[in-house]
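Colleague: Here you go, target14.tsv (TSV, C-alpha atoms):
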```tsv
chain	number	residue	atom	x	y	z
A	1028	THR	CA	-19.99	-104.61	-3.25
A	1029	GLY	CA	-17.59	-105.69	-0.54
A	1030	THR	CA	-17.06	-106.26	3.18
A	1031	LEU	CA	-14.87	-104.25	5.53
A	1032	THR	CA	-14.23	-105.21	9.16
A	1033	VAL	CA	-13.02	-102.75	11.81
A	1034	ALA	CA	-12.73	-102.93	15.58
A	1035	ALA	CA	-15.00	-100.76	17.69
A	1036	SER	CA	-13.52	-98.27	20.15
A	1037	SER	CA	-15.75	-97.24	23.08
A	1038	GLY	CA	-18.69	-98.67	21.17
A	1039	VAL	CA	-17.96	-96.72	17.99
A	1040	ALA	CA	-16.71	-98.29	14.75
A	1041	THR	CA	-15.22	-95.87	12.23
A	1042	PHE	CA	-14.98	-96.93	8.58
A	1043	SER	CA	-12.47	-94.45	7.17
A	1044	ALA	CA	-11.40	-96.54	4.17
A	1045	VAL	CA	-14.78	-96.87	2.45
A	1046	GLN	CA	-14.73	-95.63	-1.13
A	1047	PHE	CA	-16.83	-96.02	-4.27
A	1048	ASP	CA	-15.03	-96.86	-7.50
A	1049	ALA	CA	-17.90	-96.57	-9.99
A	1050	PRO	CA	-21.09	-94.54	-10.46
A	1051	GLY	CA	-24.23	-96.17	-9.13
A	1052	THR	CA	-26.68	-96.38	-6.23
A	1053	TYR	CA	-25.35	-98.03	-3.09
A	1054	THR	CA	-26.48	-98.91	0.45
A	1055	LEU	CA	-24.23	-99.49	3.45
A	1056	SER	CA	-24.99	-102.18	6.02
A	1057	ALA	CA	-23.30	-102.65	9.41
A	1058	ASN	CA	-23.67	-105.60	11.78
A	1059	SER	CA	-21.92	-107.00	14.83
A	1060	GLY	CA	-22.81	-110.39	16.22
A	1061	SER	CA	-26.26	-110.34	17.77
A	1062	LEU	CA	-26.86	-106.60	17.27
A	1063	THR	CA	-29.52	-105.43	14.86
A	1064	THR	CA	-28.13	-104.76	11.39
A	1065	GLY	CA	-28.10	-101.10	10.44
A	1066	THR	CA	-28.67	-100.16	6.81
A	1067	SER	CA	-28.18	-96.72	5.30
A	1068	GLY	CA	-30.39	-95.00	2.81
A	1069	SER	CA	-29.40	-94.93	-0.85
A	1070	VAL	CA	-26.02	-93.39	-1.64
A	1071	VAL	CA	-26.00	-92.16	-5.24
A	1072	ILE	CA	-22.61	-91.71	-6.92
A	1073	SER	CA	-22.75	-90.01	-10.32
A	1074	THR	CA	-20.12	-88.87	-12.77
A	1075	PRO	CA	-20.03	-85.06	-13.12
A	1076	SER	CA	-20.83	-83.46	-16.46
A	1077	ASN	CA	-18.06	-82.91	-18.96
A	1078	SER	CA	-17.99	-79.86	-21.24
A	1079	THR	CA	-18.00	-82.18	-24.29
A	1080	ASP	CA	-21.10	-84.13	-23.19
A	1081	TYR	CA	-24.46	-84.14	-24.91
A	1082	PHE	CA	-26.82	-81.65	-23.25
A	1083	ARG	CA	-30.60	-81.36	-23.28
A	1084	THR	CA	-33.10	-79.29	-21.34
A	1085	ALA	CA	-34.67	-80.62	-18.17
A	1086	THR	CA	-37.11	-77.74	-17.71
A	1087	ASN	CA	-37.65	-74.03	-18.43
A	1088	GLY	CA	-34.89	-71.80	-17.11
A	1089	ASN	CA	-31.90	-69.58	-17.73
A	1090	TRP	CA	-29.09	-70.88	-19.89
A	1091	ASN	CA	-26.50	-70.34	-17.15
A	1092	ALA	CA	-28.42	-72.36	-14.51
A	1093	THR	CA	-27.34	-76.00	-14.16
A	1094	SER	CA	-30.89	-76.91	-13.09
A	1095	THR	CA	-32.04	-76.15	-16.65
A	1096	TRP	CA	-29.94	-78.98	-18.08
A	1097	GLN	CA	-29.28	-82.69	-18.19
A	1098	SER	CA	-26.08	-84.17	-19.62
A	1099	SER	CA	-24.95	-87.51	-21.00
A	1100	PRO	CA	-21.52	-88.72	-22.11
A	1101	ASP	CA	-22.94	-90.78	-24.99
A	1102	ASN	CA	-26.62	-89.82	-25.54
A	1103	SER	CA	-27.82	-93.28	-24.48
A	1104	PRO	CA	-31.25	-93.53	-22.79
A	1105	GLY	CA	-30.06	-94.47	-19.30
A	1106	SER	CA	-27.06	-92.17	-19.10
A	1107	TRP	CA	-28.69	-88.77	-18.51
A	1108	ILE	CA	-27.97	-87.00	-15.23
A	1109	THR	CA	-28.72	-83.58	-13.78
A	1110	ALA	CA	-25.99	-81.43	-15.28
A	1111	THR	CA	-23.21	-80.11	-13.07
A	1112	LEU	CA	-22.22	-77.42	-15.56
A	1113	THR	CA	-23.94	-75.48	-18.35
A	1114	PRO	CA	-23.31	-76.09	-22.07
A	1115	ASP	CA	-21.36	-73.99	-24.54
A	1116	TYR	CA	-19.69	-74.56	-27.93
A	1117	ASN	CA	-17.64	-77.45	-26.50
A	1118	ALA	CA	-20.76	-79.62	-26.11
A	1119	ASN	CA	-21.37	-82.47	-28.54
A	1120	THR	CA	-24.94	-81.27	-29.07
A	1121	ILE	CA	-27.31	-78.96	-27.17
A	1122	THR	CA	-31.01	-79.76	-27.55
A	1123	ILE	CA	-33.97	-77.64	-26.45
A	1124	LEU	CA	-36.86	-80.02	-25.97
A	1125	ASN	CA	-40.55	-79.49	-26.69
A	1126	THR	CA	-42.33	-77.18	-24.16
A	1127	HIS	CA	-39.04	-75.82	-22.76
A	1128	THR	CA	-37.95	-72.18	-22.99
A	1129	VAL	CA	-34.33	-71.30	-22.23
A	1130	THR	CA	-33.45	-67.64	-21.65
A	1131	VAL	CA	-29.96	-66.36	-22.41
A	1132	THR	CA	-29.20	-63.82	-19.66
A	1133	THR	CA	-25.41	-63.74	-19.97
A	1134	GLY	CA	-23.27	-63.99	-23.07
A	1135	VAL	CA	-22.50	-67.50	-24.33
A	1136	THR	CA	-20.88	-69.11	-27.36
A	1137	VAL	CA	-22.80	-72.10	-28.76
A	1138	ASP	CA	-22.47	-74.76	-31.43
A	1139	GLN	CA	-24.58	-77.73	-32.53
A	1140	LEU	CA	-27.66	-76.14	-30.95
A	1141	VAL	CA	-30.96	-77.78	-31.88
A	1142	ILE	CA	-34.25	-76.11	-30.97
A	1143	ASN	CA	-36.95	-78.76	-31.31
A	1144	PHE	CA	-40.55	-78.05	-32.30
A	1145	GLY	CA	-42.24	-76.52	-29.25
A	1146	GLY	CA	-38.92	-75.43	-27.74
A	1147	GLN	CA	-37.65	-71.85	-27.54
A	1148	VAL	CA	-34.47	-69.91	-26.92
A	1149	THR	CA	-34.88	-66.24	-25.91
A	1150	ILE	CA	-31.94	-63.84	-26.02
A	1151	ASN	CA	-32.43	-61.01	-23.55
A	1152	SER	CA	-31.81	-57.35	-24.32
A	1153	GLY	CA	-28.15	-56.42	-24.49
A	1154	ILE	CA	-26.96	-60.06	-24.42
A	1155	THR	CA	-24.78	-61.57	-27.14
A	1156	LEU	CA	-25.17	-65.11	-28.45
A	1157	ILE	CA	-22.03	-66.08	-30.41
A	1158	ILE	CA	-22.29	-68.98	-32.85
A	1159	ASN	CA	-19.18	-71.08	-33.27
A	1160	ASP	CA	-18.40	-72.73	-36.61
A	1161	GLY	CA	-18.37	-76.46	-35.94
A	1162	THR	CA	-19.28	-79.54	-37.95
A	1163	GLY	CA	-22.49	-79.24	-39.99
A	1164	THR	CA	-25.24	-76.73	-39.19
A	1165	ASP	CA	-24.46	-74.82	-36.01
A	1166	ILE	CA	-28.02	-73.82	-35.02
A	1167	THR	CA	-31.02	-75.78	-36.27
A	1168	VAL	CA	-34.42	-74.32	-35.45
A	1169	SER	CA	-37.71	-76.20	-35.61
A	1170	GLY	CA	-39.11	-74.24	-32.66
A	1171	ILE	CA	-38.58	-70.55	-31.89
A	1172	LEU	CA	-35.46	-68.40	-31.68
A	1173	ASN	CA	-36.58	-65.15	-30.03
A	1174	ASN	CA	-34.15	-62.24	-30.18
A	1175	SER	CA	-35.44	-59.72	-27.63
A	1176	ALA	CA	-33.05	-56.87	-28.52
A	1177	GLY	CA	-29.96	-59.00	-28.07
A	1178	THR	CA	-27.19	-59.67	-30.57
A	1179	ILE	CA	-26.60	-62.84	-32.57
A	1180	THR	CA	-23.00	-62.98	-33.79
A	1181	PRO	CA	-22.01	-65.86	-36.09
A	1182	ASN	CA	-18.30	-66.58	-36.26
A	1183	THR	CA	-16.87	-66.92	-39.77
A	1184	GLY	CA	-18.41	-69.95	-41.45
A	1185	ALA	CA	-21.11	-70.53	-38.81
A	1186	THR	CA	-24.55	-71.46	-40.17
A	1187	ILE	CA	-28.16	-71.22	-38.98
A	1188	ALA	CA	-31.07	-73.17	-40.51
A	1189	PHE	CA	-34.77	-72.56	-39.89
A	1190	LEU	CA	-36.56	-75.80	-40.77
A	1191	SER	CA	-40.23	-76.32	-41.57
A	1192	GLY	CA	-42.22	-74.81	-38.69
A	1193	GLY	CA	-39.18	-73.00	-37.31
A	1194	LYS	CA	-39.55	-69.34	-36.41
A	1195	TYR	CA	-37.27	-66.40	-35.79
A	1196	GLN	CA	-38.83	-63.58	-33.73
A	1197	HIS	CA	-37.13	-60.21	-34.07
A	1198	ASN	CA	-38.40	-58.56	-30.88
A	1199	PHE	CA	-36.98	-55.03	-30.83
A	1200	THR	CA	-38.71	-51.85	-29.69
A	1201	THR	CA	-36.62	-48.69	-30.12
A	1202	SER	CA	-33.65	-49.96	-32.17
A	1203	ALA	CA	-33.69	-51.74	-35.51
A	1204	GLY	CA	-31.38	-54.69	-34.84
A	1205	THR	CA	-30.14	-57.28	-37.32
A	1206	ILE	CA	-31.87	-60.41	-38.58
A	1207	PRO	CA	-29.24	-63.17	-38.62
A	1208	THR	CA	-28.24	-64.62	-41.96
A	1209	ALA	CA	-29.72	-68.11	-42.28
A	1210	THR	CA	-31.26	-70.63	-44.61
A	1211	TRP	CA	-35.04	-70.54	-44.46
A	1212	ASP	CA	-37.35	-73.45	-45.29
A	1213	ASN	CA	-40.45	-72.52	-47.30
A	1214	ASN	CA	-42.53	-73.26	-44.20
A	1215	SER	CA	-40.34	-71.33	-41.76
A	1216	THR	CA	-41.20	-67.82	-40.53
A	1217	CYS	CA	-39.34	-64.59	-39.85
A	1218	GLU	CA	-41.54	-62.46	-37.59
A	1219	ILE	CA	-40.92	-58.80	-36.72
A	1220	ILE	CA	-42.57	-57.88	-33.41
A	1221	GLY	CA	-42.32	-55.24	-30.72
A	1222	TYR	CA	-41.34	-52.09	-32.62
A	1223	THR	CA	-42.57	-48.93	-30.92
A	1224	SER	CA	-40.31	-46.05	-31.99
A	1225	ALA	CA	-37.52	-47.51	-34.14
A	1226	SER	CA	-36.75	-45.11	-37.00
A	1227	SER	CA	-35.36	-47.66	-39.47
A	1228	SER	CA	-35.88	-51.21	-40.69
A	1229	PRO	CA	-33.70	-54.04	-39.42
A	1230	SER	CA	-30.61	-55.14	-41.26
A	1231	GLY	CA	-30.60	-58.59	-42.82
A	1232	LEU	CA	-33.78	-58.22	-44.89
A	1233	GLY	CA	-32.11	-59.26	-48.15
A	1234	GLN	CA	-32.66	-62.98	-47.63
A	1235	SER	CA	-34.97	-65.57	-49.19
A	1236	PHE	CA	-37.42	-66.06	-46.35
A	1237	GLY	CA	-40.12	-68.72	-46.23
A	1238	ASN	CA	-42.85	-66.65	-44.56
A	1239	PHE	CA	-42.33	-63.08	-43.44
A	1240	THR	CA	-44.61	-61.34	-40.93
A	1241	TRP	CA	-44.41	-57.75	-39.65
A	1242	ASN	CA	-46.59	-57.23	-36.58
```
Represent the structure of the file as structure tokens.
Modeller:
Amino acid sequence: TGTLTVAASSGVATFSAVQFDAPGTYTLSANSGSLTTGTSGSVVISTPSNSTDYFRTATNGNWNATSTWQSSPDNSPGSWITATLTPDYNANTITILNTHTVTVTTGVTVDQLVINFGGQVTINSGITLIINDGTGTDITVSGILNNSAGTITPNTGATIAFLSGGKYQHNFTTSAGTIPTATWDNNSTCEIIGYTSASSSPSGLGQSFGNFTWN
């Protein structure tokens, strides 16, 4: 809040020194003696996203579209804004919320990715998802991780965990592909779908799966 006074020139007053020093929603009011006060609409000032913010989905969409995401500097309830950049391994956490599907259409490196129950990440054909080795489990899946003939490449030490109800879908048609190495809860599922003319089985079968389905 504050007041700034300027002199009018030919009936026009120019306020060139107005600035906002904190995020928030503002209105501007102007008055002069007996004239009717003029009030602006809301002026919203927000802090842009930082690469190390917390990120969560706002809707279905492509990974590399900012409209897919919201960000917060501290994960507090009132701090979420429409993201101004898309998340990668620098993010504090990346959460795919229930009912949201995010499609990876260009290569990206991720870390601290959490796919909630009802959420899904789909990796398109020919696209590589690299998993960085950060603190703790690097991808945690309670929803669906769908690999539609893409490539999942864990960096050395990176870990994936499929929790109860989590599902990995290996959606290849003409090539075998590789099932990523992970820990599998007894109530998780590895599902092979889509094969039409592949001549061999996928790599990565030598794991202790919870449930295994070949469709």
Colleague: Between CA of Gln1196 (chain A) and CA of Asp1212 (chain A), what is the distance, to one decimal in Å?
Modeller: 15.3 Å
Colleague: Counting all atoms listed in the file, figure out which residue out of A:Ser1227, A:Asn1125, A:Thr1111, A:Ser1099 gets nearest to Tyr1081 (chain A).
Modeller: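 Among A:Ser1227, A:Asn1125, A:Thr1111, A:Ser1099, it is A:Ser1099 that comes nearest to Tyr1081 (chain A).
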Colleague: Counting only C-alpha atoms, figure out which residue out of A:Thr1084, A:Thr1064, A:Ser1076, A:Ser1069 gets nearest to Leu1112 (chain A).
Modeller: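 Using only C-alpha atoms, the shortest distance to Leu1112 (chain A) belongs to A:Ser1076.
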Colleague: What does the distance from CA of Cys1217 (chain A) to CA of Ile1154 (chain A) come to in Å, to one decimal?
Modeller: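 Distance reported for this atom pair: 20.3 Å.
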Colleague: CA of Asn1174 (chain A) to CA of Trp1096 (chain A): how many Å, to one decimal?
Modeller: 21.1 Å
Colleague: With only C-alpha atoms as the atoms that count, which of A:Gln1234, A:Ser1037, A:Thr1136, A:Thr1240 lies nearest to Tyr1116 (chain A)?
Modeller: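 Looking at the shortest contact to Tyr1116 (chain A), the residue is A:Thr1136.
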